[in-house]
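Visitor: What follows is final.tsv, made up of TSV, C-alpha atoms:
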```tsv
chain	number	residue	atom	x	y	z
A	1	MET	CA	17.99	2.54	20.56
A	2	LYS	CA	15.49	3.36	17.81
A	3	LYS	CA	16.62	6.99	17.74
A	4	MET	CA	20.25	5.87	17.52
A	5	ASN	CA	19.44	3.64	14.56
A	6	MET	CA	17.76	6.56	12.80
A	7	LEU	CA	20.83	8.75	13.40
A	8	GLN	CA	23.10	6.03	12.07
A	9	ARG	CA	21.00	5.66	8.91
A	10	GLY	CA	21.05	9.45	8.48
A	11	PHE	CA	24.82	9.56	8.89
A	12	MET	CA	25.27	6.81	6.32
A	13	GLN	CA	23.09	8.73	3.85
A	14	TYR	CA	25.08	11.95	4.36
A	15	PHE	CA	28.36	10.06	4.09
A	16	PHE	CA	27.30	8.39	0.85
A	17	THR	CA	26.15	11.71	-0.62
A	18	PHE	CA	29.42	13.36	0.39
A	19	CYS	CA	31.43	10.57	-1.26
A	20	VAL	CA	29.41	10.95	-4.48
A	21	TYR	CA	30.02	14.71	-4.33
A	22	LEU	CA	33.81	14.20	-3.97
A	23	LEU	CA	33.79	11.69	-6.80
A	24	CYS	CA	31.93	14.12	-9.07
A	25	MET	CA	34.26	16.99	-8.17
A	26	THR	CA	37.33	14.82	-8.85
A	27	GLY	CA	35.92	13.73	-12.19
A	28	ASN	CA	34.99	17.28	-13.15
A	29	THR	CA	38.47	18.55	-12.20
A	30	TYR	CA	40.13	15.83	-14.27
A	31	ILE	CA	37.94	16.51	-17.32
A	32	ILE	CA	38.50	20.28	-17.13
A	33	SER	CA	42.25	19.76	-16.73
A	34	LEU	CA	42.33	17.61	-19.85
A	35	SER	CA	40.25	20.17	-21.72
A	36	ILE	CA	42.64	23.01	-20.75
A	37	LYS	CA	45.67	20.98	-21.80
A	38	GLU	CA	44.09	20.06	-25.12
A	39	LEU	CA	43.23	23.70	-25.68
A	40	TYR	CA	46.82	24.85	-25.01
A	41	ILE	CA	48.26	22.13	-27.21
A	42	ALA	CA	45.86	23.06	-30.01
A	43	LYS	CA	46.87	26.71	-29.74
A	44	ALA	CA	50.57	25.77	-29.84
A	45	GLY	CA	49.89	23.63	-32.90
A	46	GLN	CA	48.30	26.60	-34.63
A	47	GLN	CA	51.49	28.59	-33.95
A	48	VAL	CA	53.59	25.87	-35.60
A	49	VAL	CA	51.38	25.98	-38.68
A	50	SER	CA	51.71	29.75	-38.89
A	51	ASN	CA	55.49	29.51	-38.34
A	52	GLY	CA	55.14	31.36	-35.04
A	53	ILE	CA	57.23	28.72	-33.23
A	54	THR	CA	59.49	25.90	-34.30
A	55	LYS	CA	58.62	22.25	-34.10
A	56	GLU	CA	61.26	21.74	-31.41
A	57	ALA	CA	59.71	24.50	-29.32
A	58	PHE	CA	56.27	22.98	-29.92
A	59	SER	CA	57.48	19.60	-28.65
A	60	GLN	CA	58.87	21.21	-25.51
A	61	ILE	CA	55.63	23.13	-24.93
A	62	VAL	CA	53.54	19.96	-25.33
A	63	GLN	CA	55.78	18.07	-22.91
A	64	PHE	CA	55.58	20.93	-20.43
A	65	ILE	CA	51.78	21.09	-20.67
A	66	LYS	CA	51.37	17.32	-20.21
A	67	ASN	CA	53.63	17.32	-17.16
A	68	PHE	CA	52.07	20.40	-15.62
A	69	GLU	CA	49.39	19.78	-12.98
A	70	LEU	CA	46.28	21.87	-13.63
A	71	GLY	CA	44.17	20.49	-10.77
A	72	SER	CA	44.12	23.70	-8.74
A	73	ASP	CA	43.34	25.73	-11.88
A	74	ALA	CA	40.47	23.38	-12.71
A	75	VAL	CA	39.05	23.76	-9.21
A	76	LYS	CA	39.23	27.54	-9.58
A	77	ILE	CA	37.42	27.31	-12.91
A	78	ILE	CA	34.69	25.11	-11.42
A	79	PHE	CA	34.30	27.52	-8.51
A	80	VAL	CA	34.10	30.53	-10.85
A	81	ILE	CA	31.60	28.76	-13.12
A	82	GLY	CA	29.44	27.91	-10.10
A	83	ILE	CA	29.43	31.50	-8.90
A	84	LEU	CA	28.64	32.76	-12.39
A	85	VAL	CA	25.74	30.30	-12.75
A	86	VAL	CA	24.25	31.41	-9.42
A	87	LEU	CA	24.73	35.11	-10.21
A	88	THR	CA	23.29	34.69	-13.69
A	89	ARG	CA	20.20	32.95	-12.34
A	90	GLU	CA	19.68	35.66	-9.72
A	91	ILE	CA	20.08	38.37	-12.33
A	92	MET	CA	17.62	36.56	-14.64
A	93	LEU	CA	15.09	36.23	-11.81
A	94	LYS	CA	15.50	39.90	-10.99
A	95	ALA	CA	15.06	40.86	-14.63
A	96	ALA	CA	11.98	38.64	-14.88
A	97	SER	CA	10.34	40.61	-12.07
A	98	PHE	CA	10.04	43.60	-14.41
A	99	ASN	CA	6.89	43.14	-16.44
A	100	PHE	CA	6.84	45.14	-19.68
A	101	VAL	CA	3.77	43.38	-21.09
A	102	GLN	CA	1.00	45.70	-22.22
A	103	ASP	CA	-2.17	45.85	-20.14
A	104	VAL	CA	-5.26	44.02	-21.36
A	105	ILE	CA	-8.89	44.14	-20.29
A	106	LEU	CA	-10.17	40.80	-19.00
A	107	PRO	CA	-13.96	40.66	-19.53
A	108	ARG	CA	-14.23	38.24	-16.62
A	109	ALA	CA	-11.48	37.25	-14.20
A	110	VAL	CA	-11.30	35.04	-11.08
A	111	GLU	CA	-9.02	35.67	-8.12
A	112	PHE	CA	-6.07	33.24	-8.41
A	113	SER	CA	-5.83	31.68	-4.95
A	114	SER	CA	-9.60	31.40	-4.35
A	115	ALA	CA	-10.15	29.81	-7.76
A	116	LEU	CA	-7.50	27.14	-7.26
A	117	ARG	CA	-8.67	26.35	-3.74
A	118	LYS	CA	-12.13	25.62	-5.14
A	119	ILE	CA	-10.71	22.81	-7.27
A	120	GLY	CA	-8.66	21.38	-4.40
A	121	VAL	CA	-5.25	23.01	-4.95
A	122	LEU	CA	-4.65	24.55	-1.53
A	123	ASN	CA	-0.91	25.02	-0.99
A	124	PRO	CA	0.72	28.06	-2.70
A	125	VAL	CA	3.61	25.91	-3.93
A	126	ASP	CA	1.14	23.37	-5.35
A	127	GLN	CA	-0.72	26.22	-7.00
A	128	MET	CA	2.46	27.34	-8.79
A	129	GLN	CA	3.13	23.79	-9.94
A	130	PHE	CA	-0.48	23.43	-11.07
A	131	VAL	CA	-0.12	26.50	-13.30
A	132	LYS	CA	3.05	25.05	-14.87
A	133	LYS	CA	1.49	21.63	-15.37
A	134	TYR	CA	-1.59	22.89	-17.20
A	135	LYS	CA	0.17	25.89	-18.83
A	136	LEU	CA	-2.44	28.19	-17.35
A	137	PRO	CA	-1.94	31.93	-18.15
A	138	VAL	CA	-1.65	34.04	-14.99
A	139	PHE	CA	-2.43	37.77	-14.89
A	140	ILE	CA	-1.50	40.52	-12.44
A	141	ALA	CA	-4.34	42.98	-11.99
A	142	THR	CA	-3.73	46.69	-11.57
A	143	THR	CA	-6.11	46.80	-8.59
A	144	SER	CA	-7.02	44.38	-5.83
A	145	ILE	CA	-9.82	41.87	-6.46
A	146	LEU	CA	-12.17	42.12	-3.50
A	147	GLY	CA	-14.38	39.13	-4.34
A	148	ASP	CA	-13.78	35.77	-5.97
A	149	GLU	CA	-14.67	37.13	-9.41
A	150	ILE	CA	-14.58	40.49	-11.20
A	151	GLN	CA	-15.51	41.82	-14.63
A	152	ASP	CA	-13.69	44.17	-17.02
A	153	ILE	CA	-10.50	44.44	-15.02
A	154	ARG	CA	-7.21	45.77	-16.38
A	155	ALA	CA	-4.33	43.32	-15.94
A	156	LYS	CA	-0.93	42.29	-17.29
A	157	LEU	CA	0.04	38.78	-18.32
A	158	TYR	CA	2.79	37.34	-16.11
A	159	PRO	CA	4.89	35.74	-18.88
A	160	PHE	CA	7.11	33.61	-16.63
A	161	SER	CA	4.33	31.82	-14.76
A	162	ARG	CA	4.81	28.67	-16.84
A	163	GLY	CA	8.63	28.59	-17.07
A	164	ASN	CA	11.74	28.06	-14.97
A	165	LEU	CA	12.07	31.77	-14.16
A	166	THR	CA	8.94	31.76	-12.03
A	167	SER	CA	9.43	33.96	-8.98
A	168	SER	CA	7.83	32.77	-5.76
A	169	SER	CA	8.14	36.30	-4.35
A	170	ILE	CA	5.97	37.69	-7.16
A	171	TYR	CA	3.37	35.03	-6.42
A	172	SER	CA	3.33	35.61	-2.67
A	173	GLN	CA	3.35	39.40	-3.00
A	174	ASN	CA	0.47	39.57	-5.47
A	175	ILE	CA	-1.54	36.81	-3.81
A	176	GLY	CA	-1.32	38.76	-0.56
A	177	LYS	CA	-2.59	41.89	-2.34
A	178	ARG	CA	-5.27	39.81	-4.13
A	179	MET	CA	-3.98	41.07	-7.49
A	180	LEU	CA	-3.16	37.70	-9.06
A	181	CYS	CA	-5.97	36.44	-11.29
A	182	LEU	CA	-6.94	34.03	-14.08
A	183	ASP	CA	-9.03	34.48	-17.17
A	184	ALA	CA	-12.44	33.00	-16.37
A	185	ASN	CA	-12.62	31.07	-19.67
A	186	ASP	CA	-9.23	29.41	-19.09
A	187	TYR	CA	-10.16	28.63	-15.51
A	188	GLN	CA	-13.55	27.12	-16.37
A	189	HIS	CA	-11.92	24.79	-18.89
A	190	ILE	CA	-9.42	23.55	-16.30
A	191	ALA	CA	-12.05	23.38	-13.54
A	192	LYS	CA	-14.32	21.27	-15.76
A	193	LYS	CA	-11.45	18.92	-16.53
A	194	GLN	CA	-10.55	18.62	-12.85
A	195	PHE	CA	-14.19	17.99	-11.97
A	196	GLN	CA	-14.42	15.18	-14.52
A	197	GLN	CA	-11.23	13.60	-13.22
A	198	SER	CA	-12.51	13.90	-9.65
A	199	CYS	CA	-15.85	12.34	-10.60
A	200	LEU	CA	-14.05	9.50	-12.36
A	201	ALA	CA	-11.85	8.91	-9.33
A	202	ASP	CA	-14.87	9.02	-7.01
A	203	LYS	CA	-16.76	6.61	-9.27
A	204	THR	CA	-13.84	4.19	-9.32
A	205	GLN	CA	-13.51	4.43	-5.55
A	206	LEU	CA	-17.27	3.94	-5.13
A	207	GLU	CA	-17.21	0.83	-7.33
A	208	ALA	CA	-14.33	-0.55	-5.29
A	209	LYS	CA	-16.24	0.14	-2.06
A	210	ASN	CA	-19.38	-1.51	-3.49
A	211	GLN	CA	-17.39	-4.60	-4.39
A	212	GLU	CA	-15.91	-4.63	-0.91
A	213	VAL	CA	-19.40	-4.32	0.61
A	214	GLU	CA	-20.72	-7.14	-1.60
A	215	ALA	CA	-17.81	-9.35	-0.54
A	216	LEU	CA	-18.50	-8.57	3.13
A	217	ILE	CA	-22.22	-9.30	2.64
A	218	SER	CA	-21.38	-12.65	1.03
A	219	THR	CA	-19.04	-13.47	3.89
A	220	LEU	CA	-21.68	-12.43	6.41
A	221	LYS	CA	-24.32	-14.62	4.74
A	222	ALA	CA	-21.93	-17.57	4.80
A	223	GLU	CA	-21.19	-16.97	8.48
A	224	ILE	CA	-24.92	-16.68	9.24
A	225	GLU	CA	-25.59	-19.98	7.46
A	226	LYS	CA	-22.71	-21.54	9.33
A	227	ASN	CA	-24.08	-20.18	12.60
A	228	HIS	CA	-27.55	-21.53	11.80
A	229	ALA	CA	-26.08	-24.95	11.04
A	230	LEU	CA	-24.17	-24.91	14.32
A	231	GLN	CA	-27.31	-23.81	16.14
A	232	ARG	CA	-29.29	-26.67	14.61
A	233	GLU	CA	-26.52	-29.09	15.56
A	234	ASN	CA	-26.48	-27.67	19.08
A	235	ASP	CA	-30.26	-28.01	19.38
A	236	GLU	CA	-30.02	-31.60	18.17
A	237	LEU	CA	-27.30	-32.35	20.72
A	238	LYS	CA	-29.38	-30.79	23.48
A	239	PHE	CA	-32.31	-32.94	22.42
A	240	GLN	CA	-30.15	-36.05	22.45
A	241	VAL	CA	-28.74	-35.18	25.88
A	242	LYS	CA	-32.26	-34.70	27.12
A	243	THR	CA	-33.84	-37.79	25.56
A	244	LEU	CA	-31.05	-40.37	25.46
A	245	PRO	CA	-30.95	-41.07	29.23
A	246	GLY	CA	-34.74	-41.44	29.21
A	247	ARG	CA	-34.66	-43.93	26.37
A	248	MET	CA	-31.95	-45.91	28.09
A	249	LYS	CA	-33.87	-46.03	31.38
A	250	LYS	CA	-36.62	-47.78	29.48
A	251	VAL	CA	-34.26	-50.66	28.75
A	252	GLY	CA	-33.19	-50.99	32.37
A	253	VAL	CA	-30.21	-48.62	32.58
A	254	THR	CA	-29.94	-46.44	35.67
A	255	THR	CA	-29.89	-42.64	35.41
A	256	ARG	CA	-26.21	-42.44	36.41
A	257	GLN	CA	-25.22	-45.10	33.89
A	258	ALA	CA	-27.24	-43.35	31.19
A	259	PHE	CA	-25.58	-39.98	31.77
A	260	VAL	CA	-22.06	-41.46	31.86
A	261	PHE	CA	-22.71	-43.35	28.63
A	262	ALA	CA	-24.33	-40.26	27.06
A	263	ARG	CA	-21.11	-38.28	27.50
A	264	ILE	CA	-19.40	-40.80	25.22
A	265	ALA	CA	-22.30	-41.73	22.96
A	266	ILE	CA	-23.47	-38.26	21.89
A	267	PRO	CA	-20.13	-37.03	20.39
A	268	LEU	CA	-19.56	-40.56	19.04
A	269	ILE	CA	-22.90	-40.51	17.20
A	270	GLU	CA	-22.21	-37.05	15.73
A	271	ARG	CA	-18.79	-38.12	14.52
A	272	LEU	CA	-20.16	-41.27	12.93
A	273	LYS	CA	-22.77	-39.18	11.10
A	274	GLN	CA	-20.15	-36.77	9.78
A	275	GLU	CA	-17.68	-39.51	8.80
A	276	ALA	CA	-20.23	-41.86	7.28
A	277	PRO	CA	-18.43	-44.23	4.84
A	278	ALA	CA	-19.66	-45.46	1.49
A	279	HIS	CA	-20.75	-48.67	3.21
A	280	LYS	CA	-22.91	-48.89	6.26
A	281	TYR	CA	-21.59	-49.28	9.82
A	282	THR	CA	-21.46	-52.73	11.34
A	283	ARG	CA	-21.55	-53.58	15.03
A	284	LYS	CA	-17.76	-53.99	14.98
A	285	ASP	CA	-17.40	-50.53	13.48
A	286	ILE	CA	-19.45	-49.08	16.31
A	287	GLN	CA	-17.35	-50.96	18.91
A	288	TRP	CA	-14.07	-49.65	17.40
A	289	ALA	CA	-15.42	-46.11	17.18
A	290	PHE	CA	-16.58	-46.36	20.79
A	291	LEU	CA	-13.12	-47.39	22.00
A	292	ALA	CA	-11.55	-44.53	20.01
A	293	GLU	CA	-13.94	-42.07	21.67
A	294	VAL	CA	-13.01	-43.43	25.11
A	295	GLU	CA	-9.36	-42.68	24.29
A	296	ARG	CA	-10.40	-39.08	23.68
A	297	GLN	CA	-12.13	-38.95	27.10
A	298	PRO	CA	-9.93	-41.10	29.38
A	299	ASP	CA	-11.63	-39.79	32.53
A	300	LEU	CA	-14.72	-41.86	31.62
A	301	LYS	CA	-12.85	-45.12	31.22
A	302	ASN	CA	-13.10	-46.29	34.86
A	303	PRO	CA	-16.82	-45.40	35.24
A	304	LEU	CA	-17.56	-47.27	31.99
A	305	GLU	CA	-15.60	-50.31	33.18
A	306	GLU	CA	-17.76	-50.33	36.32
A	307	ILE	CA	-20.95	-49.95	34.29
A	308	PHE	CA	-20.03	-52.69	31.78
A	309	ASN	CA	-18.30	-54.78	34.47
A	310	THR	CA	-15.43	-55.51	32.06
A	311	LYS	CA	-11.96	-54.16	31.40
A	312	ASP	CA	-12.09	-54.50	27.60
A	313	LEU	CA	-15.09	-52.12	27.41
A	314	GLU	CA	-17.07	-54.41	25.16
A	315	LEU	CA	-20.36	-52.64	24.51
A	316	PRO	CA	-23.37	-54.61	25.71
A	317	GLU	CA	-25.98	-55.13	23.03
A	318	VAL	CA	-28.44	-52.73	24.66
A	319	TYR	CA	-25.92	-49.87	24.53
A	320	LYS	CA	-24.88	-50.81	21.04
A	321	GLN	CA	-28.48	-50.80	19.91
A	322	VAL	CA	-29.04	-47.32	21.36
A	323	ILE	CA	-26.22	-46.04	19.15
A	324	ARG	CA	-27.58	-47.91	16.11
A	325	ASP	CA	-31.00	-46.37	16.67
A	326	GLU	CA	-29.42	-42.89	16.43
A	327	LEU	CA	-27.87	-43.75	13.04
A	328	PRO	CA	-30.89	-44.41	10.81
A	329	GLY	CA	-29.85	-45.54	7.36
A	330	LEU	CA	-26.18	-45.73	8.29
A	331	VAL	CA	-25.99	-49.13	10.00
A	332	SER	CA	-25.72	-52.56	8.46
A	333	THR	CA	-27.67	-55.59	9.51
A	334	GLY	CA	-24.64	-57.79	8.88
A	335	GLY	CA	-21.71	-58.36	6.57
A	336	ARG	CA	-18.15	-57.20	6.43
A	337	SER	CA	-16.99	-54.04	8.23
A	338	PRO	CA	-16.33	-51.11	5.88
A	339	LEU	CA	-13.83	-49.63	8.33
A	340	ARG	CA	-11.37	-52.51	8.21
A	341	ASN	CA	-9.20	-53.21	5.22
A	342	ILE	CA	-9.10	-56.96	5.61
```
As structure tokens - that is how I would like this structure written.
Guide:
Amino acid sequence: MKKMNMLQRGFMQYFFTFCVYLLCMTGNTYIISLSIKELYIAKAGQQVVSNGITKEAFSQIVQFIKNFELGSDAVKIIFVIGILVVLTREIMLKAASFNFVQDVILPRAVEFSSALRKIGVLNPVDQMQFVKKYKLPVFIATTSILGDEIQDIRAKLYPFSRGNLTSSSIYSQNIGKRMLCLDANDYQHIAKKQFQQSCLADKTQLEAKNQEVEALISTLKAEIEKNHALQRENDELKFQVKTLPGRMKKVGVTTRQAFVFARIAIPLIERLKQEAPAHKYTRKDIQWAFLAEVERQPDLKNPLEEIFNTKDLELPEVYKQVIRDELPGLVSTGGRSPLRNI
């Protein structure tokens, strides 16, 4: 299915391109036809001025030209022009392959392909584009360059290296023979510029990476602090689980009753600490919060009813006091409940 979708998208692209091509060809044919007609009419008009033909004959010629369809002639003209353009370009490229530039002696030259690879331009096509972009003079040595650099070598300037008549065959042929070279001074200037740009890009990338690392470190520190806080809370809960039943046994509560109550009381106490209001908790607040916690753990409702011996789950004072003891500074000794808007 995916392959079919790709083929459909490719077909639509080809179809659209073909339609644009037909539209352009139709427009070109129409424009050329009009141009031919205007040219013929202008020529006929010149004959009238020079008394070569009469005005009546001119009118007939104009009418004939306007009624005559020149579409096929225009297509032929377009076809001929296209062939001539292609032939002219091929002839120009062939002529450009003949180098009549006088030889010069380069005091110091670098082999073309090796030099560009050193600054990161690896592909031959990219190397040709690089030369055009930086208008770098390219030379063709009379002998092969065995190393990456050579001194006092005779070479000819390749004049079309920076224009539209660049021949890829000349590049490939001379690169293969290691005869293409650059003046060392020109190359060093470009290499220095490329090095500076590379250093700037690396510096920018390094700064971005440093900022990313700093952000990750900050996030890690926050997570570590959060983990420490959770660990402290966990340790506190473990301590409460361990000590609460013991404290309740001292006031006459059995071990089973203490553990059942602890399962409700410990999360209740933590929630009351976290949601501490502006005013202090009253006994009624604790009772309402206790009932809300029982709703969150309905499996403990029946055991608590048995322990309290009541269906309304009214907390006995001893249980209520245990919770109050775990909320130092947050409980009220009397007064109106801060949790009720009455």
Visitor: Under the rule that all atoms listed in the file are counted, which of A:Leu304, A:Leu116, A:Ala265, A:Ala278 is the nearest residue to A:Asp325?
Guide: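 Checking each of A:Leu304, A:Leu116, A:Ala265, A:Ala278 against A:Asp325, counting all atoms listed in the file, the winner is A:Ala265.
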Visitor: Measure the distance from atom CA of A:Lys177 to atom CA of A:His189 in Å and round it to one decimal.
Guide: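 Between atom CA of A:Lys177 and atom CA of A:His189 the gap is 25.6 Å.
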Visitor: With distances taken over all atoms listed in the file, which of A:Asp285, A:Asp126, A:Asp152, A:Glu306 is nearest to A:Arg256?
Guide: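 Ranking A:Asp285, A:Asp126, A:Asp152, A:Glu306 by distance to A:Arg256, first place goes to A:Glu306.
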Visitor: Select, from A:Glu295, A:Ile286, A:Glu38, A:Gln205, the residue with the minimum atom-to-atom distance to A:Gln321, counting only C-alpha atoms.
Guide: A:Ile286
Visitor: Need the neighbours of (-13.9, -42.8, 8.7): which residues are at most 10 Å away, counting all atoms listed in the file, as a list in words?
Guide: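 Collected hits near the coordinates: Arg271, Leu272, Lys273, Gln274, Glu275, Ala276, Pro277, Ala278, Asp285, Ala289, Pro338 and Leu339 of chain A.
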Visitor: Can you tell me, as a compact mmCIF listing (two decimals) with C-alpha atoms, keeping the file's coordinate frame, what residues are no more than 9 Å from A:Leu313 when counting all atoms listed in the file, ignoring any on the same chain fewer than 2 positions away?
Guide:
```txt
# COMPACT_ATOMS: atom_id res chain seq x y z
CA GLN A 287 -17.35 -50.96 18.91
CA PHE A 290 -16.58 -46.36 20.79
CA LEU A 291 -13.12 -47.39 22.00
CA LYS A 301 -12.85 -45.12 31.22
CA LEU A 304 -17.56 -47.27 31.99
CA GLU A 305 -15.60 -50.31 33.18
CA PHE A 308 -20.03 -52.69 31.78
CA ASN A 309 -18.30 -54.78 34.47
CA THR A 310 -15.43 -55.51 32.06
CA LYS A 311 -11.96 -54.16 31.40
CA LEU A 315 -20.36 -52.64 24.51
CA PRO A 316 -23.37 -54.61 25.71
```
